[in-house]
file start.tsv (TSV, C-alpha atoms)
chain	number	residue	atom	x	y	z
B	214	MET	CA	-17.16	8.99	-19.18
B	215	SER	CA	-16.41	12.18	-17.24
B	216	GLU	CA	-12.86	12.83	-16.17
B	217	GLY	CA	-12.19	11.47	-12.72
B	218	LEU	CA	-15.09	9.03	-12.84
B	219	GLU	CA	-14.41	5.31	-12.69
B	220	SER	CA	-16.72	2.48	-13.70
B	221	GLY	CA	-19.97	2.66	-11.80
B	222	GLY	CA	-20.08	6.47	-12.00
B	223	GLU	CA	-18.15	7.36	-8.86
B	224	SER	CA	-14.97	9.37	-8.71
B	225	GLY	CA	-11.81	7.99	-7.11
B	226	GLY	CA	-12.38	10.29	-4.14
B	227	ASP	CA	-15.99	9.17	-3.73
B	228	ARG	CA	-14.91	5.56	-3.92
B	229	ALA	CA	-12.18	6.11	-1.31
B	230	ASP	CA	-14.73	7.81	0.97
B	231	ARG	CA	-17.20	4.93	0.56
B	232	ASN	CA	-14.50	2.31	1.09
B	233	PHE	CA	-13.30	4.05	4.25
B	234	VAL	CA	-16.83	4.21	5.67
B	235	GLU	CA	-17.26	0.49	4.92
B	236	LEU	CA	-13.96	-0.33	6.64
B	237	LEU	CA	-15.00	1.67	9.70
B	238	GLN	CA	-18.36	-0.12	9.83
B	239	GLY	CA	-16.58	-3.49	9.84
B	240	ALA	CA	-14.19	-2.31	12.53
B	241	ARG	CA	-17.09	-1.15	14.71
B	242	VAL	CA	-18.46	-4.68	14.75
B	243	ALA	CA	-15.11	-6.22	15.69
B	244	VAL	CA	-13.91	-3.57	18.11
B	245	THR	CA	-16.79	-4.15	20.52
B	246	GLY	CA	-15.91	-7.82	20.86
B	247	VAL	CA	-12.21	-7.04	21.15
B	248	GLN	CA	-12.83	-4.46	23.87
B	249	VAL	CA	-15.02	-6.85	25.87
B	250	LEU	CA	-12.39	-9.59	25.61
B	251	PHE	CA	-9.57	-7.18	26.48
B	252	ALA	CA	-11.48	-5.77	29.46
B	253	PHE	CA	-12.21	-9.26	30.73
B	254	LEU	CA	-8.56	-10.28	30.36
B	255	LEU	CA	-7.46	-7.17	32.28
B	256	THR	CA	-9.50	-8.34	35.29
B	257	VAL	CA	-8.35	-11.98	35.31
B	258	PRO	CA	-5.07	-11.52	37.27
B	259	PHE	CA	-7.04	-9.96	40.11
B	260	SER	CA	-9.26	-13.00	40.60
B	261	PRO	CA	-8.38	-15.45	43.39
B	262	GLY	CA	-7.87	-18.43	41.08
B	263	PHE	CA	-5.18	-16.70	39.02
B	264	THR	CA	-2.50	-17.59	41.55
B	265	ARG	CA	-3.14	-21.29	40.87
B	266	LEU	CA	-2.13	-21.00	37.20
B	267	ASP	CA	1.07	-22.77	36.26
B	268	ALA	CA	3.82	-21.14	34.17
B	269	PHE	CA	2.37	-22.43	30.88
B	270	ASP	CA	-1.08	-21.01	31.62
B	271	ARG	CA	0.44	-17.67	32.62
B	272	ARG	CA	2.20	-17.56	29.26
B	273	LEU	CA	-1.09	-18.35	27.52
B	274	PHE	CA	-2.69	-15.54	29.46
B	275	TYR	CA	0.12	-13.18	28.40
B	276	VAL	CA	-0.38	-14.12	24.73
B	277	ALA	CA	-4.16	-13.62	25.02
B	278	LEU	CA	-3.79	-10.26	26.77
B	279	VAL	CA	-1.12	-8.80	24.50
B	280	SER	CA	-2.81	-9.98	21.29
B	281	ALA	CA	-6.12	-8.47	22.49
B	282	ALA	CA	-4.29	-5.18	23.08
B	283	ILE	CA	-2.76	-5.38	19.59
B	284	ALA	CA	-6.17	-6.13	18.07
B	285	SER	CA	-7.64	-3.12	19.89
B	286	ILE	CA	-4.87	-0.88	18.58
B	287	CYS	CA	-5.31	-2.16	15.02
B	288	TYR	CA	-9.09	-1.69	15.03
B	289	ILE	CA	-8.88	1.81	16.55
B	290	ALA	CA	-5.99	2.97	14.32
B	291	PRO	CA	-8.10	3.91	11.26
B	292	ALA	CA	-10.33	6.29	13.23
B	293	ALA	CA	-7.36	7.83	15.03
B	294	GLN	CA	-5.39	8.23	11.82
B	295	HIS	CA	-8.41	9.74	10.09
B	296	ARG	CA	-8.43	12.49	12.74
B	297	VAL	CA	-4.71	13.18	12.23
B	298	LEU	CA	-4.90	13.03	8.42
B	299	PHE	CA	-8.21	14.91	8.10
B	300	ARG	CA	-8.29	17.04	4.93
B	301	GLN	CA	-4.76	16.13	3.92
B	302	GLY	CA	-5.76	14.50	0.61
B	303	LEU	CA	-4.59	11.07	1.77
B	304	LYS	CA	-7.90	9.17	1.84
B	305	GLU	CA	-6.74	6.45	-0.58
B	306	THR	CA	-3.62	5.89	1.54
B	307	LEU	CA	-5.79	5.78	4.64
B	308	VAL	CA	-8.12	3.23	3.02
B	309	ARG	CA	-5.24	0.90	2.09
B	310	ARG	CA	-3.65	1.28	5.53
B	311	SER	CA	-6.99	0.74	7.28
B	312	ASN	CA	-7.53	-2.46	5.31
B	313	PHE	CA	-4.11	-3.68	6.49
B	314	TYR	CA	-4.98	-2.77	10.09
B	315	GLY	CA	-8.28	-4.63	9.80
B	316	ILE	CA	-6.52	-7.79	8.65
B	317	ALA	CA	-3.82	-7.45	11.33
B	318	GLY	CA	-6.53	-6.83	13.95
B	319	ALA	CA	-8.41	-9.94	12.88
B	320	LEU	CA	-5.23	-12.00	13.09
B	321	ALA	CA	-4.43	-10.64	16.57
B	322	LEU	CA	-8.02	-11.28	17.65
B	323	ALA	CA	-7.82	-14.88	16.40
B	324	VAL	CA	-4.62	-15.37	18.43
B	325	SER	CA	-6.19	-13.84	21.53
B	326	MET	CA	-9.38	-15.89	21.27
B	327	THR	CA	-7.41	-19.07	20.69
B	328	ALA	CA	-5.06	-18.46	23.62
B	329	ALA	CA	-7.90	-17.44	25.95
B	330	THR	CA	-9.94	-20.50	24.98
B	331	MET	CA	-6.98	-22.79	25.52
B	332	LEU	CA	-6.28	-21.17	28.90
B	333	VAL	CA	-9.82	-21.66	30.16
B	334	VAL	CA	-10.25	-25.20	28.81
B	335	ASP	CA	-6.81	-26.22	30.11
B	336	TYR	CA	-7.74	-24.80	33.53
B	337	LEU	CA	-11.11	-26.57	33.58
B	338	PHE	CA	-10.10	-29.91	32.12
B	339	ASP	CA	-6.60	-30.77	30.92
B	340	SER	CA	-3.98	-29.69	28.41
B	341	THR	CA	-4.99	-32.21	25.74
B	342	ILE	CA	-8.61	-31.03	25.61
B	343	GLY	CA	-7.36	-27.43	25.78
B	344	ALA	CA	-4.99	-27.93	22.83
B	345	VAL	CA	-7.62	-29.67	20.71
B	346	THR	CA	-10.23	-27.02	21.47
B	347	ALA	CA	-7.76	-24.22	20.74
B	348	ALA	CA	-6.80	-25.88	17.45
B	349	VAL	CA	-10.46	-26.05	16.41
B	350	VAL	CA	-10.98	-22.37	17.34
B	351	ALA	CA	-7.82	-21.33	15.49
B	352	LEU	CA	-8.69	-23.36	12.38
B	353	LEU	CA	-12.23	-22.00	12.30
B	354	ALA	CA	-10.98	-18.41	12.58
B	355	VAL	CA	-8.26	-18.90	9.98
B	356	TRP	CA	-10.66	-20.62	7.58
B	357	SER	CA	-13.60	-18.22	7.91
B	358	TRP	CA	-11.63	-14.98	8.23
B	359	PHE	CA	-8.69	-15.57	5.90
B	360	VAL	CA	-8.62	-18.74	3.79
B	361	GLN	CA	-12.19	-18.75	2.48
B	362	PRO	CA	-12.09	-15.08	1.36
B	363	ALA	CA	-8.60	-15.62	-0.11
B	364	LEU	CA	-9.96	-18.50	-2.17
B	365	ASP	CA	-12.85	-16.32	-3.33
B	366	ARG	CA	-10.37	-13.59	-4.31
B	367	SER	CA	-8.08	-15.94	-6.19
B	368	GLY	CA	-10.98	-17.44	-8.11
B	369	ALA	CA	-12.50	-14.09	-9.07
B	370	PRO	CA	-11.56	-12.63	-12.43
B	371	GLU	CA	-9.48	-9.45	-12.29
B	372	ARG	CA	-11.84	-6.54	-12.75
B	373	GLU	CA	-12.67	-3.18	-11.31
B	374	THR	CA	-15.38	-3.48	-8.65
B	375	THR	CA	-18.33	-1.19	-9.17
B	376	LEU	CA	-20.68	0.15	-6.54
B	377	SER	CA	-23.39	-2.34	-7.54
B	378	ASP	CA	-20.88	-5.23	-7.29
B	379	ASP	CA	-19.88	-4.14	-3.79
B	380	ARG	CA	-23.49	-4.16	-2.64
B	381	ARG	CA	-23.97	-7.72	-3.86
B	382	GLY	CA	-21.32	-8.90	-1.41

call {"tool": "encode", "arguments": {"input": "start.tsv", "output": "structure tokens"}}
result
Amino acid sequence: MSEGLESGGESGGDRADRNFVELLQGARVAVTGVQVLFAFLLTVPFSPGFTRLDAFDRRLFYVALVSAAIASICYIAPAAQHRVLFRQGLKETLVRRSNFYGIAGALALAVSMTAATMLVVDYLFDSTIGAVTAAVVALLAVWSWFVQPALDRSGAPERETTLSDDRRG
């Protein structure tokens, strides 16, 4: 095997480049939804019905708004940091950091979606239906975004992932 090449025939630098591109592709999918949610939440206080919200619903709104802002920051951070760190030889660091930001962004998005759902359902119906609906949304997000992949990771044998393995999913 040539020096600098890992299993699968790609160098560490090539692998870091490919991983970063894959992370950015995933972020592009999420950031659109986050930005739409964030933009919507920014308009809510200016609607006539907002004044009818009680203190609890205003707090829910605050949680939804701030967590959507945090999710936006997390999903945009890799691209912004890439610009600042361009040609500094820190691609592997950027890949690890971007992965962290992607997970943090998903967590913040789950919080925002849960709070926003609870706010709307509580406003339309009552707090019990709102809490149950929010719990279902939260559990679905936690299961599908975090628990299920964590179980897959923990059950997978320790090995170096090759390019062909990555393409299989």

call {"tool": "axis_aligned_box", "arguments": {"input": "start.tsv", "around": "segment 353-362 of chain B", "padding_each_side": "3 Å", "output": "lines of an AutoDock Vina configuration file"}}
result
center_x = -10.9
center_y = -18.5
center_z = 7.0
size_x = 11.3
size_y = 13.0
size_z = 17.2

call {"tool": "closest_atom_pairs", "arguments": {"input": "start.tsv", "of": "segment 238-290 of chain B", "to": "segment 314-333 of chain B", "cutoff": "7 Å", "atoms": "all atoms listed in the file", "output": "CSV"}}
result
residue,atom,partner,partner_atom,distance
B:Ala240,CA,B:Gly315,CA,6.9
B:Val247,CA,B:Leu322,CA,6.9
B:Asp270,CA,B:Leu332,CA,5.9
B:Leu273,CA,B:Ala328,CA,5.6
B:Phe274,CA,B:Ala329,CA,6.6
B:Val276,CA,B:Ala328,CA,6.5
B:Ala277,CA,B:Ser325,CA,4.0
B:Leu278,CA,B:Ser325,CA,6.8
B:Ser280,CA,B:Ala321,CA,5.0
B:Ala281,CA,B:Ser325,CA,5.5
B:Ile283,CA,B:Ala321,CA,6.3
B:Ala284,CA,B:Gly318,CA,4.2
B:Cys287,CA,B:Gly318,CA,4.9
B:Tyr288,CA,B:Gly318,CA,5.8

call {"tool": "atom_distance", "arguments": {"input": "start.tsv", "atom1": "atom CA of Ser340 of chain B", "atom2": "atom CA of Asp267 of chain B"}}
result
11.6 Å

call {"tool": "atom_distance", "arguments": {"input": "start.tsv", "atom1": "atom CA of Ala347 of chain B", "atom2": "atom CA of Val334 of chain B"}}
result
8.5 Å

call {"tool": "closest_atom_pairs", "arguments": {"input": "start.tsv", "of": "segment 258-317 of chain B", "to": "segment 224-237 of chain B", "cutoff": "10 Å", "atoms": "all atoms listed in the file", "output": "CSV"}}
result
residue,atom,partner,partner_atom,distance
B:Tyr288,CA,B:Leu237,CA,8.6
B:Ile289,CA,B:Leu237,CA,9.2
B:Pro291,CA,B:Leu237,CA,7.4
B:Ala292,CA,B:Leu237,CA,7.5
B:His295,CA,B:Phe233,CA,9.5
B:Gly302,CA,B:Gly226,CA,9.2
B:Leu303,CA,B:Ala229,CA,9.6
B:Lys304,CA,B:Ala229,CA,6.1
B:Glu305,CA,B:Ala229,CA,5.5
B:Thr306,CA,B:Ala229,CA,9.0
B:Leu307,CA,B:Phe233,CA,7.7
B:Val308,CA,B:Phe233,CA,5.4
B:Arg309,CA,B:Phe233,CA,8.9
B:Ser311,CA,B:Leu236,CA,7.1
B:Asn312,CA,B:Leu236,CA,6.9
B:Tyr314,CA,B:Leu236,CA,9.9
B:Gly315,CA,B:Leu236,CA,7.8

call {"tool": "closest_residue", "arguments": {"input": "start.tsv", "among": "B:Ser357, B:Ala282, B:Phe299, B:Tyr336", "to": "Leu250 of chain B", "atoms": "all atoms listed in the file"}}
result
B:Ala282

call {"tool": "atom_distance", "arguments": {"input": "start.tsv", "atom1": "atom CA of Ile286 of chain B", "atom2": "atom CA of Ser260 of chain B"}}
result
25.5 Å

call {"tool": "closest_residue", "arguments": {"input": "start.tsv", "among": "B:Asp335, B:Thr245, B:Ser285, B:Phe251", "to": "Phe269 of chain B", "atoms": "only C-alpha atoms"}}
result
B:Asp335
